[in-house]
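Below you'll find the structure, written out as structure tokens, and then a few comments.
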Amino acid sequence: MNSEQQYITLYNDNAELIKSHSADVLNAVRDEAFENFRRMGFPSKKVERYKYTDMAALFAPDYGLNLNRLDIPVDPYEAFRCDVPNLSTSLYFVVNDQFYTKALPKVTPGDGIIVDSLAHAAVEHHDIVAKYYAKAAKMKDDAITALNTMLAQDGLFVYVPKNTRCDRTIQVINILRSDVDMMVNRRVLIVLEEGAEAKFLFCDHSADDRNFLATQVIEAFVGDNANLELNCLEETHYKNVRVSNVYIDQQRDSRVNHNVITLHNGTTRNQLDLVFKGEGAECSCNGCVIADKQQHVDNNTLIDHQVGHCTSNELYKYVLNDASVGAFAGKILVRHGAEKTLSQETNQNLCATKQARMFTQPMLEIYADDVQCNHGSTVGQLNDAALFYMQQRGVSAEEAKLLLEFAFVNEVIDKMELEPLRDRLHHLVEMRFRGKLNKCEGCKLCK
Amino acid sequence: MQDNNNKDNKFVKEVVDQKYEYGFTTNVQTEIIPKGLNEDVVRLISKKKGEPDWLLDFRLKAYRYWKTLPVPTWGHVHVPHIDFQAISYYADPLAKKPKNKEIDPELEKTFDKLGIPLEERLALSGTAVDAVMDSVSVKTTFKKQLAEKGIIFSSIGEAVKNHPDLVRKYLGSVVPYRDNFSAALNSAVFSDGSFVYIPKGVRCPMELSSYFRINAVNTGQFERTLIVADDDSYVSYLEGCTAPMRDENQLHAAVVEIVVMNNAEVKYSTVQNWYPGDEHGKGGVLNLVTKRGDLRGVNSKLSWTQVETGSAITWKYPSCVLRGDNSQAEFYSVAVTNHYQEADTGTKMIHMGKNTKSTIISKGISAGHSQNSYRGLVRATEKADNARNYSSCDSLLLGSDCGAHTFPYLNIHNDTAVVEHEATTSKISEDQLFYCNQRGIPSEDAVGLIVNGYAKDVLNKLPMEFAVEAQKLLSVSLEGTVG
């Protein structure tokens, strides 16, 4: 049986069961998503956007699915203690793909702001969820998004009303917890109305030493003059496969700051599709990857300038050790008529060992003439002169290397607006480089 | 402002109205074999050229393999449907030449008109030429003088007869027939191209060049060029091409193979000016070419320089395989597209030896409704210690309806490799234009100046004779297209 067939059979046999444990809004597009998935199958390496990660192989093993939505016993506070000091967040948990309602923060984020389970919100706030759900996600073109839409039963819903500022950072801890090998399909829907402002920190952790396959689709709608900061931090383990597709729609004068940090993982593929739909919008998309052993990290971005006068900045940095594989493919698409576009795309990579491999592909596709678009990409090693300089001053070769690698990725971390988070990440990254961060700090396995 | 716009439009119109200078046809008796492609046609071509069995065998294997391949569609170009059975694969303008004449005076006139002197006494520039029309080499000049130094410069058909061992050793060794769709087609039906062999320690005293011209209707050109530079040798090779204006597309699927041995150096320059189609995108040559150099020797050097102004569709990637230690490769390209032309061109640098170096400088200029893409691959394999690559790809946009795209692929499998890539896309800066205007230089001249300055890095790498022609071509293609 090929990879896609087991999911087709699964859906054919269990469509009613899946639907019965979800909500109408999510169910409304499920069959269409299934048809799309069946038509496309898993993307082969011949599909340009997926050429660096073999999806069929990742989805081939037999994982369990919690279609009956059985409660898996977990104490999230015990499983997770990596809180960021000095950062007062509203802390929420998503266990596997279920919104965890037993540990909600005591302080609500603010007036009118909704943070809820997606399935629950689809009933309570039916109109809003129906208006936005699956509207940005391209399930007709992307098999993984189609698969997620077909199987996702729950997830997170965040709504920030007009001109409302969410003071506290919304921190969402995605915990993978299971006694058997498990596949989870998470779905996140974020809606920021005109003039709204919110900051997010998504942390991915795994609490069990099992094989996990997590697909995730995040849809974010950023209204006129709204401001979104979306930080994703992955600290899982080598057996973890994560496939995340993020879709962001930006309206006039909105700002988005999207940061993806991969510190620990098995195989990760992050895809970002950001569309400028209103003039004057800005985005800054950054990524930092520290990989070793057999880790595989593939970041794929598409910034679609549909209208003019928008600015996009991208900065992705990789440090690859051992036999790890890094891939970055970023496309800036400037459509006809999107004049006065400013765009900068930078990808810099350090290959520290002979076995490490880096594939990079920074692309520009431009159909308008009054634009300024640049991209740059480098693959290289640490500067010998800098290493020598430090050793001359009594810093050991090991320490000098570490300092330089740290400085290299620091540029990405400094793009984050949340200061306590930056400090915390400096600490985490340093530990990562020192090899002390083998598992997520603080989870029960590492205690 | 209004005035200025009108003026711009006038310039744009002038450019649009610019006639393709080489669009005439030659009225010469040409023997054309019937249209269509099958094993009999392959056998017929081979028979007409009097080829040995091994070559026919090579052609047939290539044809059988080609039949199994789907037409590729991955490029950022829209290749119209090509009916491979509606093309005639062999056209010989020499077949019915008048008695007592080496070549038809009509042909001689044609090449004179194109500025290619076939009479050696007229060739003041000291360039040896292999002139190819349709499927046949019309004449190769300076053969004698070159032979004195042991250099072989002839059409590949002649070389098969006179130096079968050499041709057999190297043909298909750089671009095998299984390489890609057009290479397989070319391997099956290839006709004349040039064969160059520079023996050990010889520095070729003059520039060698081939001039390719498509003349006959409903034919394509499938030339094959093979250049072998033995140890410690040097050669500079130029290639030029034109075609008449016709309403239908004509196919050009060539293969160029270059072998560079120890300490040898090859410079390969192309000024490509196939008929680009009219201002509505009708007609034009489909230029689907496979060019590759194999730097087999240590300290070998290969440099590709190309100025691409013609063709309705250009889809090619002159590449270098840096196999020898310390080998160096360069790729300099200016690609200009106007009207409805489409280009998807760039290079591949495969670093395999130690301490290899490559440089890529690509300049794209798009105007009108054209699409211009740079696509390039830099691969450093596991054994390519200390590989070094620098790539720079700039695109200039003239007009709001054209497109400029950059698709670089960097695959690095070695920790000692240092690879840099940078690209910019912008239009001509208003400041630069204003600066020129302020000093009394009209906009039209200013654009010419700026574009020429922009392309200078590449034009400087061309041999003198070509640089002049290329500069003229640039101005013809773009004069007055104020961005």
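A note on labels: chains of the structure tokens are A, B, ... as shown, every chain counts residues from 1, and ligands are counted from 1 in their shown order.
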
Tell me the residues of chain A close to chain B, meaning within 6 Å using only C-alpha atoms, as an NGL selection string.
:A and (351-354 or 357-361 or 363-380)

Kindly export the residues of the current selection with N, CA and C atoms, as a PDB file, in the first residue's frame.
ATOM      1  N   CYS A 351      28.247  25.389   7.432  1.00  0.00           N
ATOM      2  CA  CYS A 351      28.368  23.934   7.425  1.00  0.00           C
ATOM      3  C   CYS A 351      29.590  23.594   8.265  1.00  0.00           C
ATOM      4  N   ALA A 352      29.393  22.935   9.386  1.00  0.00           N
ATOM      5  CA  ALA A 352      30.517  22.721  10.295  1.00  0.00           C
ATOM      6  C   ALA A 352      31.202  21.371  10.101  1.00  0.00           C
ATOM      7  N   THR A 353      30.552  20.458   9.395  1.00  0.00           N
ATOM      8  CA  THR A 353      31.198  19.160   9.170  1.00  0.00           C
ATOM      9  C   THR A 353      31.089  18.764   7.706  1.00  0.00           C
ATOM     10  N   LYS A 354      31.875  17.770   7.355  1.00  0.00           N
ATOM     11  CA  LYS A 354      31.908  17.328   5.967  1.00  0.00           C
ATOM     12  C   LYS A 354      30.602  16.668   5.546  1.00  0.00           C
ATOM     13  N   ARG A 357      24.835  18.860   4.936  1.00  0.00           N
ATOM     14  CA  ARG A 357      24.463  19.285   3.582  1.00  0.00           C
ATOM     15  C   ARG A 357      23.530  20.461   3.635  1.00  0.00           C
ATOM     16  N   MET A 358      23.746  21.390   2.736  1.00  0.00           N
ATOM     17  CA  MET A 358      22.869  22.552   2.692  1.00  0.00           C
ATOM     18  C   MET A 358      22.364  22.741   1.269  1.00  0.00           C
ATOM     19  N   PHE A 359      21.066  22.909   1.151  1.00  0.00           N
ATOM     20  CA  PHE A 359      20.465  23.206  -0.150  1.00  0.00           C
ATOM     21  C   PHE A 359      19.803  24.559  -0.017  1.00  0.00           C
ATOM     22  N   THR A 360      20.164  25.479  -0.844  1.00  0.00           N
ATOM     23  CA  THR A 360      19.506  26.774  -0.723  1.00  0.00           C
ATOM     24  C   THR A 360      19.089  27.303  -2.081  1.00  0.00           C
ATOM     25  N   GLN A 361      18.000  27.977  -2.076  1.00  0.00           N
ATOM     26  CA  GLN A 361      17.355  28.363  -3.325  1.00  0.00           C
ATOM     27  C   GLN A 361      16.563  29.660  -3.110  1.00  0.00           C
ATOM     28  N   MET A 363      14.722  32.705  -4.433  1.00  0.00           N
ATOM     29  CA  MET A 363      14.203  32.994  -5.775  1.00  0.00           C
ATOM     30  C   MET A 363      13.470  34.330  -5.835  1.00  0.00           C
ATOM     31  N   LEU A 364      13.580  34.968  -6.976  1.00  0.00           N
ATOM     32  CA  LEU A 364      12.819  36.188  -7.223  1.00  0.00           C
ATOM     33  C   LEU A 364      11.994  35.973  -8.475  1.00  0.00           C
ATOM     34  N   GLU A 365      10.716  36.293  -8.409  1.00  0.00           N
ATOM     35  CA  GLU A 365       9.884  36.208  -9.613  1.00  0.00           C
ATOM     36  C   GLU A 365       9.147  37.538  -9.686  1.00  0.00           C
ATOM     37  N   ILE A 366       9.524  38.346 -10.661  1.00  0.00           N
ATOM     38  CA  ILE A 366       9.091  39.736 -10.627  1.00  0.00           C
ATOM     39  C   ILE A 366       8.421  40.159 -11.928  1.00  0.00           C
ATOM     40  N   TYR A 367       7.207  40.673 -11.792  1.00  0.00           N
ATOM     41  CA  TYR A 367       6.444  41.099 -12.972  1.00  0.00           C
ATOM     42  C   TYR A 367       6.119  42.589 -12.940  1.00  0.00           C
ATOM     43  N   ALA A 368       6.814  43.355 -12.123  1.00  0.00           N
ATOM     44  CA  ALA A 368       6.578  44.799 -12.063  1.00  0.00           C
ATOM     45  C   ALA A 368       7.933  45.474 -12.148  1.00  0.00           C
ATOM     46  N   ASP A 369       7.988  46.690 -12.697  1.00  0.00           N
ATOM     47  CA  ASP A 369       9.331  47.228 -12.925  1.00  0.00           C
ATOM     48  C   ASP A 369       9.837  48.168 -11.845  1.00  0.00           C
ATOM     49  N   ASP A 370       8.931  48.887 -11.173  1.00  0.00           N
ATOM     50  CA  ASP A 370       9.434  49.875 -10.220  1.00  0.00           C
ATOM     51  C   ASP A 370       9.592  49.228  -8.847  1.00  0.00           C
ATOM     52  N   VAL A 371      10.541  48.325  -8.753  1.00  0.00           N
ATOM     53  CA  VAL A 371      10.711  47.580  -7.503  1.00  0.00           C
ATOM     54  C   VAL A 371      12.194  47.518  -7.149  1.00  0.00           C
ATOM     55  N   GLN A 372      12.454  47.215  -5.917  1.00  0.00           N
ATOM     56  CA  GLN A 372      13.838  46.951  -5.524  1.00  0.00           C
ATOM     57  C   GLN A 372      13.853  45.643  -4.771  1.00  0.00           C
ATOM     58  N   CYS A 373      14.342  44.607  -5.415  1.00  0.00           N
ATOM     59  CA  CYS A 373      14.345  43.306  -4.774  1.00  0.00           C
ATOM     60  C   CYS A 373      15.767  42.760  -4.770  1.00  0.00           C
ATOM     61  N   ASN A 374      16.190  42.286  -3.632  1.00  0.00           N
ATOM     62  CA  ASN A 374      17.527  41.720  -3.538  1.00  0.00           C
ATOM     63  C   ASN A 374      17.452  40.389  -2.836  1.00  0.00           C
ATOM     64  N   HIS A 375      18.305  39.488  -3.229  1.00  0.00           N
ATOM     65  CA  HIS A 375      18.488  38.345  -2.357  1.00  0.00           C
ATOM     66  C   HIS A 375      19.951  37.975  -2.318  1.00  0.00           C
ATOM     67  N   GLY A 376      20.320  37.389  -1.222  1.00  0.00           N
ATOM     68  CA  GLY A 376      21.708  36.980  -1.075  1.00  0.00           C
ATOM     69  C   GLY A 376      21.722  35.672  -0.338  1.00  0.00           C
ATOM     70  N   SER A 377      22.697  34.840  -0.679  1.00  0.00           N
ATOM     71  CA  SER A 377      22.779  33.562  -0.015  1.00  0.00           C
ATOM     72  C   SER A 377      24.241  33.168   0.094  1.00  0.00           C
ATOM     73  N   THR A 378      24.637  32.664   1.220  1.00  0.00           N
ATOM     74  CA  THR A 378      26.023  32.226   1.366  1.00  0.00           C
ATOM     75  C   THR A 378      26.063  30.898   2.098  1.00  0.00           C
ATOM     76  N   VAL A 379      27.054  30.098   1.762  1.00  0.00           N
ATOM     77  CA  VAL A 379      27.337  28.891   2.528  1.00  0.00           C
ATOM     78  C   VAL A 379      28.829  28.929   2.797  1.00  0.00           C
ATOM     79  N   GLY A 380      29.224  28.770   4.030  1.00  0.00           N
ATOM     80  CA  GLY A 380      30.649  28.834   4.298  1.00  0.00           C
ATOM     81  C   GLY A 380      30.982  28.351   5.683  1.00  0.00           C
TER      82      GLY A 380
END

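The coordinates place CA of Gln153 in chain A at 7.6 Å from CA of Lys19 in chain A.
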
I'd like the neighbourhood of Cys320 in chain B as JSON, numbers by chain, where a residue qualifies if any of its atoms comes within 7 Å (using only C-alpha atoms), though same-chain residues fewer than 6 positions away should be ignored.
{"B": [292, 293, 294, 329, 348, 349, 350]}

Output file for the selection above: N, CA and C atoms, as a tab-separated table (two decimals), in the first residue's frame:
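Everything below was put into out_16.tsv:
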chain	number	residue	atom	x	y	z
B	292	ARG	N	27.98	22.06	-22.52
B	292	ARG	CA	28.64	21.66	-21.29
B	292	ARG	C	30.14	21.50	-21.51
B	293	GLY	N	30.88	21.91	-20.53
B	293	GLY	CA	32.32	21.75	-20.59
B	293	GLY	C	32.76	20.82	-19.47
B	294	ASP	N	33.70	19.94	-19.80
B	294	ASP	CA	34.20	19.02	-18.78
B	294	ASP	C	35.65	19.40	-18.52
B	329	ALA	N	36.30	27.88	-13.55
B	329	ALA	CA	35.28	28.08	-14.57
B	329	ALA	C	34.64	29.44	-14.38
B	348	LYS	N	25.33	25.84	-14.82
B	348	LYS	CA	25.51	24.88	-13.73
B	348	LYS	C	27.00	24.77	-13.46
B	349	MET	N	27.38	24.87	-12.23
B	349	MET	CA	28.78	24.69	-11.86
B	349	MET	C	28.84	23.50	-10.91
B	350	ILE	N	29.39	22.41	-11.39
B	350	ILE	CA	29.46	21.20	-10.55
B	350	ILE	C	30.91	21.07	-10.08

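Close contacts of Glu234 in chain A, defined as residues with an atom at most 9 Å away when counting only C-alpha atoms, with chain neighbours fewer than 2 positions off set aside, comprise Phe202, Cys203, Asp204, His205, Cys232, Thr236, Val260, Ile261, Thr262, Leu263, His264 and Asn265 of chain A.
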
Could you dump the residues just selected with C-alpha atoms as a PDB file, in the first residue's frame?
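That gives us result37.pdb:
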ATOM      1  CA  PHE A 202       4.137  28.683  20.031  1.00  0.00           C
ATOM      2  CA  CYS A 203       6.387  26.126  21.671  1.00  0.00           C
ATOM      3  CA  ASP A 204       6.508  22.572  20.386  1.00  0.00           C
ATOM      4  CA  HIS A 205       7.510  19.932  22.888  1.00  0.00           C
ATOM      5  CA  CYS A 232       7.415  29.415  16.747  1.00  0.00           C
ATOM      6  CA  THR A 236      11.287  18.190  20.410  1.00  0.00           C
ATOM      7  CA  VAL A 260      10.750  30.247  13.408  1.00  0.00           C
ATOM      8  CA  ILE A 261      13.417  28.782  15.649  1.00  0.00           C
ATOM      9  CA  THR A 262      14.343  25.128  15.294  1.00  0.00           C
ATOM     10  CA  LEU A 263      16.568  24.002  18.144  1.00  0.00           C
ATOM     11  CA  HIS A 264      15.779  20.338  18.371  1.00  0.00           C
ATOM     12  CA  ASN A 265      13.839  18.076  16.075  1.00  0.00           C
TER      13      ASN A 265
END

Would you mind listing what lies within 9 Å of Asp247 in chain B as a ChimeraX atom specification, with only C-alpha atoms counted and same-chain residues fewer than 3 positions away left out?
/B:277-278,282-284

Secondary structure check, helix (DSSP H, G or I) residues of range 2-72 of chain A, as a PDB file with C-alpha atoms, in the first residue's frame:
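result.pdb was written with the following content:
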ATOM      1  CA  SER A   3       1.633   6.191   1.555  1.00  0.00           C
ATOM      2  CA  GLU A   4      -1.423   8.100   0.436  1.00  0.00           C
ATOM      3  CA  GLN A   5      -3.578   5.003   0.171  1.00  0.00           C
ATOM      4  CA  GLN A   6      -3.545   4.376   3.921  1.00  0.00           C
ATOM      5  CA  TYR A   7      -4.903   7.887   4.517  1.00  0.00           C
ATOM      6  CA  ILE A   8      -7.495   7.531   1.782  1.00  0.00           C
ATOM      7  CA  THR A   9      -8.651   4.246   3.294  1.00  0.00           C
ATOM      8  CA  LEU A  10      -8.592   5.782   6.748  1.00  0.00           C
ATOM      9  CA  TYR A  11     -10.854   8.592   5.660  1.00  0.00           C
ATOM     10  CA  ASN A  12     -13.164   6.377   3.656  1.00  0.00           C
ATOM     11  CA  ASP A  13     -13.637   4.126   6.690  1.00  0.00           C
ATOM     12  CA  ASN A  14     -13.801   6.783   9.364  1.00  0.00           C
ATOM     13  CA  ALA A  15     -15.201   9.969   7.809  1.00  0.00           C
ATOM     14  CA  GLU A  16     -18.321   9.836   9.979  1.00  0.00           C
ATOM     15  CA  LEU A  17     -16.331   9.205  13.139  1.00  0.00           C
ATOM     16  CA  ILE A  18     -13.994  12.120  12.397  1.00  0.00           C
ATOM     17  CA  LYS A  19     -16.927  14.406  11.726  1.00  0.00           C
ATOM     18  CA  SER A  20     -18.844  13.348  14.812  1.00  0.00           C
ATOM     19  CA  ASP A  24     -19.806  21.770  11.389  1.00  0.00           C
ATOM     20  CA  VAL A  25     -17.502  24.478  10.091  1.00  0.00           C
ATOM     21  CA  LEU A  26     -14.557  22.115  10.051  1.00  0.00           C
ATOM     22  CA  ASN A  27     -16.664  19.319   8.581  1.00  0.00           C
ATOM     23  CA  ALA A  28     -17.987  21.543   5.787  1.00  0.00           C
ATOM     24  CA  ARG A  30     -13.571  18.040   4.893  1.00  0.00           C
ATOM     25  CA  ASP A  31     -14.864  16.124   1.899  1.00  0.00           C
ATOM     26  CA  GLU A  32     -13.520  18.686  -0.525  1.00  0.00           C
ATOM     27  CA  ALA A  33     -10.129  18.468   1.193  1.00  0.00           C
ATOM     28  CA  PHE A  34     -10.274  14.688   0.867  1.00  0.00           C
ATOM     29  CA  GLU A  35     -10.972  14.946  -2.863  1.00  0.00           C
ATOM     30  CA  ASN A  36      -8.030  17.324  -3.238  1.00  0.00           C
ATOM     31  CA  PHE A  37      -5.758  15.023  -1.302  1.00  0.00           C
ATOM     32  CA  ARG A  38      -6.852  12.028  -3.316  1.00  0.00           C
ATOM     33  CA  ARG A  39      -6.216  13.940  -6.549  1.00  0.00           C
ATOM     34  CA  MET A  40      -2.762  15.149  -5.572  1.00  0.00           C
ATOM     35  CA  GLU A  48       9.394  22.133  -6.854  1.00  0.00           C
ATOM     36  CA  ARG A  49       8.339  23.213  -3.368  1.00  0.00           C
ATOM     37  CA  TYR A  50       8.883  19.786  -1.857  1.00  0.00           C
ATOM     38  CA  MET A  55       6.944  13.553   2.090  1.00  0.00           C
ATOM     39  CA  ALA A  56       5.690  10.109   1.069  1.00  0.00           C
ATOM     40  CA  ALA A  57       8.437   8.491   3.151  1.00  0.00           C
ATOM     41  CA  LEU A  58       7.611  10.622   6.193  1.00  0.00           C
ATOM     42  CA  PHE A  59       3.962   9.689   6.072  1.00  0.00           C
TER      43      PHE A  59
END

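For Pro205 in chain B, the residues within 10 Å (counting only C-alpha atoms, excluding itself and residues fewer than 4 positions away along the chain) are B:Gly126, B:Thr127, B:Ala128, B:Gln145, B:Leu146, B:Lys149, B:Ile151, B:Tyr234, B:Val235, B:Ser236.
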
Distance CA of Ser233 in chain B-CA of Leu462 in chain B, one decimal place?
19.4 Å

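Between CA of Asn270 in chain A and CA of Gly330 in chain A lies a distance of 11.3 Å.
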
Polymer residues at most 10 Å from Asn27 in chain B, only C-alpha atoms, same-chain spacing of 4 or more positions, as number ranges by chain:
B: 93, 106-107, 110, 215-216

Using DSSP on the backbone, list every residue of range 204-383 of chain B that comes out as strand (DSSP E or B), and give them as a compact mmCIF listing (two decimals) with C-alpha atoms, in the first residue's frame.
# COMPACT_ATOMS: atom_id res chain seq x y z
CA GLU B 207 40.20 33.01 -32.92
CA LEU B 208 38.14 30.12 -34.21
CA SER B 209 34.51 30.73 -34.95
CA SER B 210 31.41 29.09 -36.32
CA TYR B 211 28.56 30.92 -37.85
CA PHE B 212 25.22 29.18 -37.87
CA ARG B 213 22.39 30.16 -40.14
CA THR B 219 13.60 22.82 -40.94
CA GLN B 221 19.07 23.19 -36.95
CA GLU B 223 24.35 21.15 -35.01
CA ARG B 224 26.85 19.47 -32.78
CA THR B 225 30.09 21.06 -31.74
CA LEU B 226 32.95 19.27 -30.08
CA ILE B 227 36.02 21.06 -28.77
CA VAL B 228 38.94 19.19 -27.27
CA ALA B 229 41.81 21.16 -25.75
CA TYR B 234 44.63 27.37 -25.43
CA VAL B 235 41.80 28.27 -27.76
CA SER B 236 39.25 31.01 -28.02
CA TYR B 237 36.12 30.04 -29.87
CA LEU B 238 33.30 32.27 -31.05
CA GLU B 239 29.83 31.35 -32.13
CA GLY B 240 27.29 33.50 -33.92
CA CYS B 241 23.90 32.75 -35.33
CA THR B 242 21.03 34.30 -37.29
CA ASN B 249 8.67 28.83 -35.01
CA GLN B 250 11.86 27.10 -35.99
CA LEU B 251 13.61 24.67 -33.72
CA HIS B 252 17.27 24.90 -32.86
CA VAL B 255 24.77 20.30 -28.38
CA VAL B 256 28.16 21.74 -27.54
CA GLU B 257 30.72 19.57 -25.78
CA ILE B 258 34.04 20.86 -24.54
CA VAL B 259 36.82 18.79 -23.05
CA VAL B 260 39.60 20.65 -21.25
CA GLU B 265 42.23 26.87 -21.33
CA VAL B 266 39.14 27.31 -23.47
CA LYS B 267 37.20 30.48 -23.97
CA TYR B 268 33.80 30.05 -25.57
CA SER B 269 31.88 33.14 -26.59
CA THR B 270 28.43 33.27 -28.10
CA VAL B 271 26.53 36.12 -29.61
CA GLN B 272 23.12 34.63 -30.15
CA GLY B 284 10.98 33.15 -33.94
CA VAL B 285 13.50 30.49 -33.17
CA LEU B 286 13.10 28.09 -30.26
CA ASN B 287 16.59 27.85 -28.91
CA LEU B 288 16.87 24.69 -26.80
CA VAL B 289 20.54 24.02 -26.46
CA THR B 290 22.72 21.82 -24.26
CA LYS B 291 26.21 23.18 -23.70
CA ARG B 292 28.64 21.66 -21.29
CA GLY B 293 32.32 21.75 -20.59
CA ASP B 294 34.20 19.02 -18.78
CA LEU B 295 37.30 20.34 -17.01
CA LYS B 301 40.12 26.67 -17.24
CA LEU B 302 36.90 27.24 -19.12
CA SER B 303 35.07 30.46 -19.66
CA TRP B 304 31.60 30.82 -21.16
CA THR B 305 30.58 34.26 -22.31
CA GLN B 306 27.20 34.71 -23.88
CA VAL B 307 25.22 37.61 -25.20
CA GLU B 308 21.68 36.46 -25.82
CA ILE B 313 12.52 31.18 -26.53
CA THR B 314 15.95 30.64 -25.07
CA TRP B 315 16.24 27.69 -22.73
CA LYS B 316 19.81 26.74 -22.04
CA SER B 319 27.59 24.33 -17.69
CA CYS B 320 30.93 23.34 -16.28
CA VAL B 321 31.92 20.14 -14.56
CA LEU B 322 35.00 21.03 -12.50
CA GLN B 328 38.49 27.24 -12.79
CA ALA B 329 35.28 28.08 -14.57
CA GLU B 330 33.60 31.32 -15.45
CA PHE B 331 30.21 32.19 -16.81
CA TYR B 332 29.41 35.65 -18.05
CA SER B 333 26.03 36.31 -19.55
CA VAL B 334 23.93 39.16 -20.80
CA ALA B 335 20.43 38.12 -21.77
CA VAL B 336 18.15 40.69 -23.34
CA THR B 337 14.50 40.00 -23.99
CA GLU B 342 11.18 34.41 -23.12
CA ALA B 343 14.51 33.35 -21.74
CA ASP B 344 15.29 30.82 -19.03
CA THR B 345 19.04 30.67 -18.98
CA LYS B 348 25.51 24.88 -13.73
CA MET B 349 28.78 24.69 -11.86
CA ILE B 350 29.46 21.20 -10.55
CA HIS B 351 32.51 21.27 -8.29
CA LYS B 357 36.76 27.97 -8.38
CA SER B 358 33.83 29.30 -10.31
CA THR B 359 32.42 32.71 -11.02
CA ILE B 360 28.96 33.50 -12.35
CA ILE B 361 28.06 36.97 -13.54
CA SER B 362 24.65 37.19 -15.11
CA LYS B 363 22.87 40.30 -16.29
CA GLY B 364 19.29 40.11 -17.44
CA ILE B 365 17.52 42.93 -19.19
CA SER B 366 13.82 42.64 -19.92
CA ALA B 367 11.61 45.01 -21.88
CA GLN B 371 10.08 37.20 -19.40
CA ASN B 372 13.70 36.79 -18.47
CA SER B 373 14.82 34.19 -15.93
CA TYR B 374 18.16 33.27 -14.51
CA ARG B 375 18.33 29.68 -13.31
CA GLY B 376 21.60 28.35 -12.03
CA LEU B 377 22.96 25.48 -10.02
CA VAL B 378 26.09 25.48 -7.89
CA ARG B 379 26.91 22.09 -6.46
CA ALA B 380 29.89 21.30 -4.30
